[in-house]
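First comes the structure, then the notes that go with it.
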Protein chains: 2
Amino acid sequence: MASIREVAKLANVSPATVSRVMNGTARVDEEKKQRVLAAIKETGFVPNEVARSLFKKSAKLIGLILPSIENPFFAQLAGAIERCADKHGYRLVLCNTGSVTEKEKAAMQMLSSMNADGIILTTSNEELREFTENCSIPIIVTDRVFQGSNKLKYVHCDHYKGGRMAAEHLIDCGCKSIVCIKGQQEISSARDRYDGYRDVCKERGIKEQTVDSAYDFEEGMKVTEEILETFKDVDGIIACNDMVAISAYKVLHKNGIDVPGKIQIIGFDDIALAKLMTPELTTIGQPVKEIGAKAAELIIFKDKYAKEDKQEYIFEASLVERETTRDI
Amino acid sequence: MASIREVAKLANVSPATVSRVMNGTARVDEEKKQRVLAAIKETGFVPNEVARSLFKKSAKLIGLILPSIENPFFAQLAGAIERCADKHGYRLVLCNTGSVTEKEKAAMQMLSSMNADGIILTTSNEELREFTENCSIPIIVTDRVFQGSNKLKYVHCDHYKGGRMAAEHLIDCGCKSIVCIKGQQEISSARDRYDGYRDVCKERGIKEQTVDSAYDFEEGMKVTEEILETFKDVDGIIACNDMVAISAYKVLHKNGIDVPGKIQIIGFDDIALAKLMTPELTTIGQPVKEIGAKAAELIIFKDKYAKEDKQEYIFEASLVERETTRDI
DNA sequence: CTGAAAGCGCTTACAG
DNA sequence: CTGAAAGCGCTTACAG
């Protein structure tokens, strides 16, 4: 790899001039400029980003810390973030944590020591709050919220309203006995979704019926069996996300229960798979692209956003009616 | 962030000594060592990876260049690579290219200028071969192969055998009229899978029937409609991957065709969704974890592998029988 | 407009 | 065992 020195020698100028030509940071004599450009071309010179980053204290890197990239919702989020980052010349460093606190901490530390420009974090772990507040680079929490922190920024969709929409839709579809599969209540988004469901139940005078589950296939299936045993008259299921909704469908189908004829199902997230499965899954969609792009922009344009002094960026969820519910 | 200088001052030693304590690169007087350790703790010092990387010419970074992280197979691959990388103290830089050549080239260049230790690349684009061969850091091509290159290393599963297994399984299940949905034939893995199918047809005296498709939902559905019109007696479909298989099922189901009763389906990859859908998808599984880990190790332990002088690392595909076929 | 110099924060010969 | 020095490859005051 050619260095700036070689280019300079070839063009008969100083390294400083080469740097100025590359970056357009100062006016350079036209003739010299041409010589530099020619020399860059001839040597195939590409500036070393590490050296640049050491000086600038910005590596043009965004850290992405996720429970698991295998979760389709997070994969979509990562895709959205990557596309936005790439557009502005930033790269993404991916860290899977399996929600293990020590890994999350290690990733944050590593990322700061890499001069990353910021971190986009999705964690289930509220204990992490203090640690994140002391991190030397900006952290954007996506999809979830830490209670009581005012140092971080948040980007997520309105899960509470989403929860309401799910419940209301099922009621509109004629359901009388709705069971909500709650996600882990340590996760703020799961809490909010559940709260939405609960409030609608109260308002509409419907019995609140719930069951606990993790965001996970096996759990989803186990819990659905449980529902069938416990709530004999169930005619509507709100799943904490699409994965669980799909698992629920699987169990109902296996038990010969017609969906949506006998029991209706609604999921959460609108992952790509939701409309691919048979029957197509009704769900509450999140605007992942917008969420991902906003999170990335909050880091890329941090100076601009610093002035805005807004802490939470909230997007609207939307009902996506498909085939596991039937409006009447 | 504290620097090595501050730690040194606090411990009353030189920065060199601090470095030696941190890295264990030389014997240090026990008492000084303790002072250094205490000073590190007190200051919360974390060494700057950028400075380290500038000197070492290794950023402990692996570049991952993929068509799209949203594709579940690639998401699983990324997860496998990340876990292996993390175990050895390496980070992953994720680049989505949408298979756009210019993006692929830009990503490779960027990654070298970041002092990445190597690149794991999945591309459909054989024109890229020369460019990759001239890249200054090692490149491991996963899932696919460039024809005629002997500078790169390859990690993938035996797609040819996989194609054979799919065809043989369908025949064993009693299919007489099998249609193969070929993936894009510029992609070596799609070619190999198809070749496997074709050879089995020849050997078993079965008529070869094919249809072209991309690895994509919409295409999968369109092409399945086409199959239904063109091949009236079709009783088995080999899809180029699981996504397409799922789309095919969707179309068959919509047309009231019983699966596997009337038409049997087999996919490729064994993505998580395959066993989640209803009916569960029979498919040819790839050992993604092993593939991802091997690719990462080839970069992390490049010196060790340089001696091995092996260019291709091939893993076995395996038949995963589920509910869209029925052995007789 | 432009070059010499200093510096970003580490690491490793080198000399002692 | 240990410190002073040089250097990794850039960038930007500074002086001219």
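FYI, nothing fancy with the structure tokens labels: chains A, B, ... in order, residues from 1 per chain, ligands from 1 as they appear.
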
(request) Identify all chain D residues at most 10 Å from chain A by counting only C-alpha atoms (C1' of nucleotides); ligands do not count. Present them as a PyMOL selection string. (result) chain D and resi 8-12

Write out, as a PDB file, in the first residue's frame, the residues just selected, with C-alpha atoms (C1' of nucleotides).
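Result file is part31.pdb:
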ATOM      1  C1'  DC D   8       2.996   3.612  12.696  1.00  0.00           C
ATOM      2  C1'  DG D   9       0.467   7.290   8.607  1.00  0.00           C
ATOM      3  C1'  DC D  10      -2.013  10.762   8.735  1.00  0.00           C
ATOM      4  C1'  DT D  11      -3.598  16.156   9.792  1.00  0.00           C
ATOM      5  C1'  DT D  12      -3.323  20.773  11.139  1.00  0.00           C
TER       6       DT D  12
END

Chain B residues near chain A (8 Å cut-off, only C-alpha atoms) as a CSV table (one decimal) with N, CA and C atoms, in the first residue's frame:
chain,number,residue,atom,x,y,z
B,1,MET,N,-10.9,10.1,28.6
B,1,MET,CA,-10.3,8.8,28.6
B,1,MET,C,-8.8,9.0,29.0
B,46,VAL,N,-8.3,2.3,29.5
B,46,VAL,CA,-8.5,1.3,28.4
B,46,VAL,C,-7.7,1.7,27.2
B,47,PRO,N,-6.8,0.9,26.8
B,47,PRO,CA,-5.9,1.3,25.7
B,47,PRO,C,-6.6,1.6,24.5
B,48,ASN,N,-6.2,2.6,23.8
B,48,ASN,CA,-6.8,3.1,22.5
B,48,ASN,C,-6.4,2.1,21.4
B,49,GLU,N,-7.4,1.4,20.9
B,49,GLU,CA,-7.2,0.4,19.9
B,49,GLU,C,-6.7,1.0,18.6
B,50,VAL,N,-7.1,2.2,18.3
B,50,VAL,CA,-6.7,2.8,17.1
B,50,VAL,C,-5.2,3.0,17.0
B,51,ALA,N,-4.6,3.5,18.1
B,51,ALA,CA,-3.2,3.7,18.2
B,51,ALA,C,-2.5,2.4,18.0
B,53,SER,N,-3.6,-0.3,16.7
B,53,SER,CA,-3.8,-0.8,15.4
B,53,SER,C,-2.9,-0.1,14.3
B,54,LEU,N,-2.6,1.2,14.5
B,54,LEU,CA,-1.8,1.9,13.6
B,54,LEU,C,-0.4,1.3,13.6
B,68,SER,N,-27.0,-9.1,1.6
B,68,SER,CA,-28.0,-8.5,2.5
B,68,SER,C,-28.1,-9.2,3.8
B,69,ILE,N,-28.0,-8.5,4.9
B,69,ILE,CA,-28.1,-9.1,6.2
B,69,ILE,C,-29.6,-9.5,6.5
B,70,GLU,N,-30.5,-9.0,5.7
B,70,GLU,CA,-31.9,-9.3,5.9
B,70,GLU,C,-32.2,-10.7,5.5
B,72,PRO,N,-32.2,-14.4,5.9
B,72,PRO,CA,-32.0,-15.1,7.1
B,72,PRO,C,-30.8,-16.0,7.1
B,75,ALA,N,-28.0,-13.8,7.8
B,75,ALA,CA,-28.0,-13.4,9.2
B,75,ALA,C,-27.4,-14.5,10.1
B,76,GLN,N,-27.8,-15.7,9.8
B,76,GLN,CA,-27.3,-16.8,10.6
B,76,GLN,C,-25.8,-16.9,10.4
B,78,ALA,N,-23.7,-14.5,9.6
B,78,ALA,CA,-23.1,-13.4,10.3
B,78,ALA,C,-23.0,-13.7,11.8
B,79,GLY,N,-24.1,-14.3,12.4
B,79,GLY,CA,-24.1,-14.6,13.8
B,79,GLY,C,-23.0,-15.6,14.1
B,82,GLU,N,-19.7,-13.9,13.9
B,82,GLU,CA,-19.5,-12.9,15.0
B,82,GLU,C,-19.1,-13.6,16.3
B,83,ARG,N,-19.8,-14.7,16.5
B,83,ARG,CA,-19.5,-15.5,17.8
B,83,ARG,C,-18.1,-16.0,17.8
B,91,ARG,N,-13.5,-8.1,16.1
B,91,ARG,CA,-14.8,-7.5,15.8
B,91,ARG,C,-15.2,-7.6,14.4
B,92,LEU,N,-16.5,-7.5,14.1
B,92,LEU,CA,-17.0,-7.7,12.8
B,92,LEU,C,-17.5,-6.3,12.2
B,93,VAL,N,-17.0,-6.0,11.0
B,93,VAL,CA,-17.6,-4.8,10.3
B,93,VAL,C,-18.5,-5.3,9.2
B,94,LEU,N,-19.7,-4.9,9.3
B,94,LEU,CA,-20.8,-5.4,8.4
B,94,LEU,C,-21.0,-4.5,7.2
B,95,CYS,N,-20.9,-5.1,6.0
B,95,CYS,CA,-21.2,-4.3,4.8
B,95,CYS,C,-22.2,-5.0,4.0
B,96,ASN,N,-23.4,-4.3,3.8
B,96,ASN,CA,-24.4,-4.8,2.9
B,96,ASN,C,-24.2,-4.2,1.5
B,109,GLN,N,-12.0,-1.8,-0.3
B,109,GLN,CA,-11.0,-0.8,-0.2
B,109,GLN,C,-11.0,-0.2,1.2
B,110,MET,N,-12.2,0.1,1.7
B,110,MET,CA,-12.4,0.7,3.0
B,110,MET,C,-11.9,-0.2,4.0
B,113,SER,N,-8.2,-0.2,4.2
B,113,SER,CA,-7.6,1.0,4.7
B,113,SER,C,-7.9,1.1,6.2
B,114,MET,N,-8.8,0.3,6.7
B,114,MET,CA,-9.1,0.3,8.2
B,114,MET,C,-8.1,-0.7,8.9
B,115,ASN,N,-7.2,-1.3,8.1
B,115,ASN,CA,-6.3,-2.3,8.7
B,115,ASN,C,-7.1,-3.6,9.2
B,136,SER,N,-5.2,-6.1,-0.6
B,136,SER,CA,-4.0,-6.2,0.2
B,136,SER,C,-4.2,-7.1,1.5
B,217,PHE,N,-38.7,-13.8,-2.6
B,217,PHE,CA,-40.2,-14.2,-2.4
B,217,PHE,C,-41.0,-14.0,-3.7
B,246,ILE,N,-40.8,-21.6,0.6
B,246,ILE,CA,-41.9,-21.1,1.4
B,246,ILE,C,-42.9,-20.4,0.5
B,247,SER,N,-42.3,-19.6,-0.4
B,247,SER,CA,-43.2,-18.9,-1.4
B,247,SER,C,-44.0,-19.9,-2.2
B,250,LYS,N,-46.8,-21.3,-0.4
B,250,LYS,CA,-47.9,-20.4,-0.3
B,250,LYS,C,-48.8,-20.4,-1.6
B,253,HIS,N,-50.7,-23.7,-1.8
B,253,HIS,CA,-51.8,-23.7,-0.8
B,253,HIS,C,-53.0,-22.8,-1.3
B,276,LEU,N,-40.3,-23.7,11.6
B,276,LEU,CA,-41.3,-22.9,12.2
B,276,LEU,C,-42.6,-22.9,11.4
B,277,MET,N,-42.4,-22.9,10.1
B,277,MET,CA,-43.6,-22.8,9.3
B,277,MET,C,-44.5,-24.0,9.4
B,278,THR,N,-45.7,-23.8,8.9
B,278,THR,CA,-46.7,-24.9,9.0
B,278,THR,C,-47.1,-25.2,7.5

Residue set, range 88-171 of chain B restricted to alpha helix (DSSP H), as an mmCIF file with N, CA and C atoms, in the first residue's frame:
data_model
loop_
_atom_site.group_PDB
_atom_site.id
_atom_site.type_symbol
_atom_site.label_atom_id
_atom_site.label_comp_id
_atom_site.auth_asym_id
_atom_site.auth_seq_id
_atom_site.Cartn_x
_atom_site.Cartn_y
_atom_site.Cartn_z
ATOM 1 N N THR B 101 -21.743 -4.151 -7.517
ATOM 2 C CA THR B 101 -20.294 -4.275 -7.661
ATOM 3 C C THR B 101 -19.528 -3.101 -7.075
ATOM 4 N N GLU B 102 -19.986 -1.897 -7.358
ATOM 5 C CA GLU B 102 -19.252 -0.728 -6.868
ATOM 6 C C GLU B 102 -19.209 -0.692 -5.343
ATOM 7 N N LYS B 103 -20.302 -1.119 -4.736
ATOM 8 C CA LYS B 103 -20.325 -1.144 -3.272
ATOM 9 C C LYS B 103 -19.386 -2.208 -2.737
ATOM 10 N N GLU B 104 -19.342 -3.326 -3.446
ATOM 11 C CA GLU B 104 -18.459 -4.397 -3.000
ATOM 12 C C GLU B 104 -17.009 -3.930 -3.051
ATOM 13 N N LYS B 105 -16.652 -3.276 -4.149
ATOM 14 C CA LYS B 105 -15.280 -2.774 -4.272
ATOM 15 C C LYS B 105 -14.979 -1.726 -3.219
ATOM 16 N N ALA B 106 -15.893 -0.801 -3.040
ATOM 17 C CA ALA B 106 -15.689 0.259 -2.054
ATOM 18 C C ALA B 106 -15.502 -0.338 -0.667
ATOM 19 N N ALA B 107 -16.293 -1.354 -0.372
ATOM 20 C CA ALA B 107 -16.205 -1.978 0.945
ATOM 21 C C ALA B 107 -14.838 -2.631 1.140
ATOM 22 N N MET B 108 -14.361 -3.310 0.111
ATOM 23 C CA MET B 108 -13.053 -3.965 0.241
ATOM 24 C C MET B 108 -11.942 -2.947 0.469
ATOM 25 N N GLN B 109 -12.023 -1.849 -0.277
ATOM 26 C CA GLN B 109 -11.008 -0.822 -0.155
ATOM 27 C C GLN B 109 -11.034 -0.200 1.240
ATOM 28 N N MET B 110 -12.243 0.138 1.655
ATOM 29 C CA MET B 110 -12.413 0.725 2.974
ATOM 30 C C MET B 110 -11.859 -0.203 4.039
ATOM 31 N N LEU B 111 -12.193 -1.476 3.921
ATOM 32 C CA LEU B 111 -11.754 -2.449 4.914
ATOM 33 C C LEU B 111 -10.222 -2.554 4.952
ATOM 34 N N SER B 112 -9.577 -2.538 3.810
ATOM 35 C CA SER B 112 -8.111 -2.591 3.877
ATOM 36 C C SER B 112 -7.567 -1.335 4.518
ATOM 37 N N SER B 113 -8.163 -0.202 4.189
ATOM 38 C CA SER B 113 -7.620 1.034 4.743
ATOM 39 C C SER B 113 -7.916 1.148 6.232
ATOM 40 N N ARG B 129 -13.426 -11.022 -9.397
ATOM 41 C CA ARG B 129 -12.313 -11.884 -9.045
ATOM 42 C C ARG B 129 -10.970 -11.171 -9.059
ATOM 43 N N GLU B 130 -10.689 -10.482 -10.152
ATOM 44 C CA GLU B 130 -9.394 -9.827 -10.261
ATOM 45 C C GLU B 130 -9.200 -8.822 -9.134
ATOM 46 N N PHE B 131 -10.245 -8.057 -8.899
ATOM 47 C CA PHE B 131 -10.178 -7.056 -7.838
ATOM 48 C C PHE B 131 -9.857 -7.702 -6.489
ATOM 49 N N THR B 132 -10.528 -8.795 -6.201
ATOM 50 C CA THR B 132 -10.290 -9.459 -4.922
ATOM 51 C C THR B 132 -8.879 -10.030 -4.839
ATOM 52 N N GLU B 133 -8.392 -10.495 -5.960
ATOM 53 C CA GLU B 133 -7.050 -11.069 -5.930
ATOM 54 C C GLU B 133 -5.994 -10.009 -5.645
ATOM 55 N N HIS B 159 -22.593 -28.041 -2.334
ATOM 56 C CA HIS B 159 -23.899 -27.782 -2.921
ATOM 57 C C HIS B 159 -24.283 -28.816 -3.977
ATOM 58 N N TYR B 160 -23.293 -29.314 -4.640
ATOM 59 C CA TYR B 160 -23.587 -30.334 -5.652
ATOM 60 C C TYR B 160 -24.235 -31.548 -4.994
ATOM 61 N N LYS B 161 -23.586 -32.029 -3.935
ATOM 62 C CA LYS B 161 -24.172 -33.180 -3.238
ATOM 63 C C LYS B 161 -25.526 -32.833 -2.663
ATOM 64 N N GLY B 162 -25.640 -31.603 -2.184
ATOM 65 C CA GLY B 162 -26.931 -31.151 -1.669
ATOM 66 C C GLY B 162 -28.004 -31.244 -2.737
ATOM 67 N N GLY B 163 -27.675 -30.795 -3.924
ATOM 68 C CA GLY B 163 -28.631 -30.870 -5.034
ATOM 69 C C GLY B 163 -29.006 -32.310 -5.324
ATOM 70 N N ARG B 164 -28.016 -33.167 -5.275
ATOM 71 C CA ARG B 164 -28.284 -34.594 -5.493
ATOM 72 C C ARG B 164 -29.218 -35.140 -4.408
ATOM 73 N N MET B 165 -28.915 -34.802 -3.181
ATOM 74 C CA MET B 165 -29.727 -35.307 -2.073
ATOM 75 C C MET B 165 -31.187 -34.886 -2.211
ATOM 76 N N ALA B 166 -31.367 -33.632 -2.605
ATOM 77 C CA ALA B 166 -32.741 -33.131 -2.756
ATOM 78 C C ALA B 166 -33.482 -33.950 -3.802
ATOM 79 N N ALA B 167 -32.834 -34.147 -4.940
ATOM 80 C CA ALA B 167 -33.479 -34.894 -6.024
ATOM 81 C C ALA B 167 -33.735 -36.337 -5.602
ATOM 82 N N GLU B 168 -32.731 -36.941 -4.999
ATOM 83 C CA GLU B 168 -32.889 -38.335 -4.598
ATOM 84 C C GLU B 168 -33.993 -38.503 -3.564
ATOM 85 N N HIS B 169 -34.050 -37.564 -2.644
ATOM 86 C CA HIS B 169 -35.086 -37.661 -1.619
ATOM 87 C C HIS B 169 -36.481 -37.591 -2.246
ATOM 88 N N LEU B 170 -36.661 -36.676 -3.164
ATOM 89 C CA LEU B 170 -37.969 -36.545 -3.811
ATOM 90 C C LEU B 170 -38.321 -37.831 -4.576
ATOM 91 N N ILE B 171 -37.332 -38.392 -5.219
ATOM 92 C CA ILE B 171 -37.576 -39.649 -5.932
ATOM 93 C C ILE B 171 -37.942 -40.758 -4.940
#

(message) Between A:Pro287, A:Gly183, A:Gly196, A:Gly205, which residue has the minimum interatomic distance to Glu316 in chain A, considering only C-alpha atoms?
(response)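 For Glu316 in chain A, the nearest of the given residues is A:Pro287.
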
(request) Would you kindly return, as a list in words, each protein, DNA or RNA residue with an atom no farther than 12 Å from any atom of DC14 in chain C, considering only C-alpha atoms (C1' of nucleotides) and excluding same-chain residues fewer than 6 positions away? (result)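 The contact residues come out as DT2, DG3, DA4, DA5 and DA6 of chain D.
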
(message) I'd like the interatomic distance between CA of Lys87 in chain A and CA of Asp117 in chain A, to a tenth of an Å.
(response)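 CA of Lys87 in chain A sits 15.5 Å away from CA of Asp117 in chain A.
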
(message) At a cut-off of 9 Å, using only C-alpha atoms (C1' of nucleotides), what residues contact Ala214 in chain A? Leave out same-chain residues fewer than 4 positions from it and give the result as a list of chain:residue names.
(response)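 Result of the neighbour search: A:Lys182, A:Gly183, A:Gln184, A:Glu218, A:Glu219, A:Gly220, A:Cys240, A:Val244.
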
Keeping only C-alpha atoms, take the residues you just selected and write them out as an mmCIF file, in the first residue's frame.
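That gives us out.cif:
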data_model
loop_
_atom_site.group_PDB
_atom_site.id
_atom_site.type_symbol
_atom_site.label_atom_id
_atom_site.label_comp_id
_atom_site.auth_asym_id
_atom_site.auth_seq_id
_atom_site.Cartn_x
_atom_site.Cartn_y
_atom_site.Cartn_z
ATOM 1 C CA LYS A 182 -46.745 -10.955 27.449
ATOM 2 C CA GLY A 183 -43.087 -10.661 26.591
ATOM 3 C CA GLN A 184 -40.505 -10.432 29.361
ATOM 4 C CA GLU A 218 -40.042 -22.826 21.923
ATOM 5 C CA GLU A 219 -41.525 -20.600 24.567
ATOM 6 C CA GLY A 220 -44.150 -19.461 22.120
ATOM 7 C CA CYS A 240 -45.582 -10.368 21.958
ATOM 8 C CA VAL A 244 -44.209 -16.063 18.933
#

(request) Determine, counting only C-alpha atoms (C1' of nucleotides), which protein, DNA and RNA residues have an atom within 12 Å of an atom of DC1 in chain D; residues of the same chain fewer than 6 positions away are not included. Present the result as a list of chain:residue names. (result) B:Ala16, B:Thr17, B:Arg20, B:Ala26, B:Arg27, B:Val28, B:Asp29, B:Glu30, B:Glu31, B:Lys32, B:Lys33, C:DG16

Preceding selection exported with N, CA and C atoms (P, O5', C5', C4', C3', O3' and C1' of nucleotides) as a PDB file, in the first residue's frame:
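Ended up saving to selection_33.pdb:
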ATOM      1  N   ALA B  16       6.428   2.874  28.365  1.00  0.00           N
ATOM      2  CA  ALA B  16       6.854   1.571  27.863  1.00  0.00           C
ATOM      3  C   ALA B  16       6.565   0.471  28.869  1.00  0.00           C
ATOM      4  N   THR B  17       6.814   0.774  30.112  1.00  0.00           N
ATOM      5  CA  THR B  17       6.576  -0.232  31.147  1.00  0.00           C
ATOM      6  C   THR B  17       5.082  -0.542  31.285  1.00  0.00           C
ATOM      7  N   ARG B  20       4.210  -2.804  28.616  1.00  0.00           N
ATOM      8  CA  ARG B  20       4.680  -4.165  28.854  1.00  0.00           C
ATOM      9  C   ARG B  20       3.833  -4.895  29.878  1.00  0.00           C
ATOM     10  N   ALA B  26       6.965  -8.420  28.313  1.00  0.00           N
ATOM     11  CA  ALA B  26       8.311  -8.525  28.880  1.00  0.00           C
ATOM     12  C   ALA B  26       8.191  -8.621  30.393  1.00  0.00           C
ATOM     13  N   ARG B  27       9.207  -9.146  30.971  1.00  0.00           N
ATOM     14  CA  ARG B  27       9.188  -9.285  32.433  1.00  0.00           C
ATOM     15  C   ARG B  27       9.327  -7.894  33.061  1.00  0.00           C
ATOM     16  N   VAL B  28       8.493  -7.650  34.058  1.00  0.00           N
ATOM     17  CA  VAL B  28       8.528  -6.347  34.738  1.00  0.00           C
ATOM     18  C   VAL B  28       8.652  -6.591  36.235  1.00  0.00           C
ATOM     19  N   ASP B  29       9.445  -5.799  36.864  1.00  0.00           N
ATOM     20  CA  ASP B  29       9.631  -5.870  38.316  1.00  0.00           C
ATOM     21  C   ASP B  29       8.275  -5.934  39.007  1.00  0.00           C
ATOM     22  N   GLU B  30       8.142  -6.910  39.895  1.00  0.00           N
ATOM     23  CA  GLU B  30       6.841  -7.182  40.500  1.00  0.00           C
ATOM     24  C   GLU B  30       6.217  -5.955  41.161  1.00  0.00           C
ATOM     25  N   GLU B  31       7.053  -5.201  41.859  1.00  0.00           N
ATOM     26  CA  GLU B  31       6.514  -4.052  42.584  1.00  0.00           C
ATOM     27  C   GLU B  31       5.974  -3.009  41.614  1.00  0.00           C
ATOM     28  N   LYS B  32       6.737  -2.726  40.576  1.00  0.00           N
ATOM     29  CA  LYS B  32       6.284  -1.754  39.571  1.00  0.00           C
ATOM     30  C   LYS B  32       5.003  -2.236  38.897  1.00  0.00           C
ATOM     31  N   LYS B  33       5.011  -3.504  38.634  1.00  0.00           N
ATOM     32  CA  LYS B  33       3.848  -4.092  37.999  1.00  0.00           C
ATOM     33  C   LYS B  33       2.596  -3.807  38.817  1.00  0.00           C
TER      34      LYS B  33
ATOM     35  P    DG C  16      24.730   2.600  25.418  1.00  0.00           P
ATOM     36  O5'  DG C  16      24.225   2.242  26.878  1.00  0.00           O
ATOM     37  C5'  DG C  16      23.326   3.155  27.539  1.00  0.00           C
ATOM     38  C4'  DG C  16      22.768   2.477  28.751  1.00  0.00           C
ATOM     39  C3'  DG C  16      23.840   1.895  29.690  1.00  0.00           C
ATOM     40  O3'  DG C  16      23.721   2.505  30.965  1.00  0.00           O
ATOM     41  C1'  DG C  16      22.035   0.401  29.365  1.00  0.00           C
TER      42       DG C  16
END

(message) Report, in Å to a single decimal, how far apart CA of Glu186 in chain A and CA of Val100 in chain A are.
(response)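 Answer for the CA of Val100 in chain A to CA of Glu186 in chain A separation: 14.2 Å.
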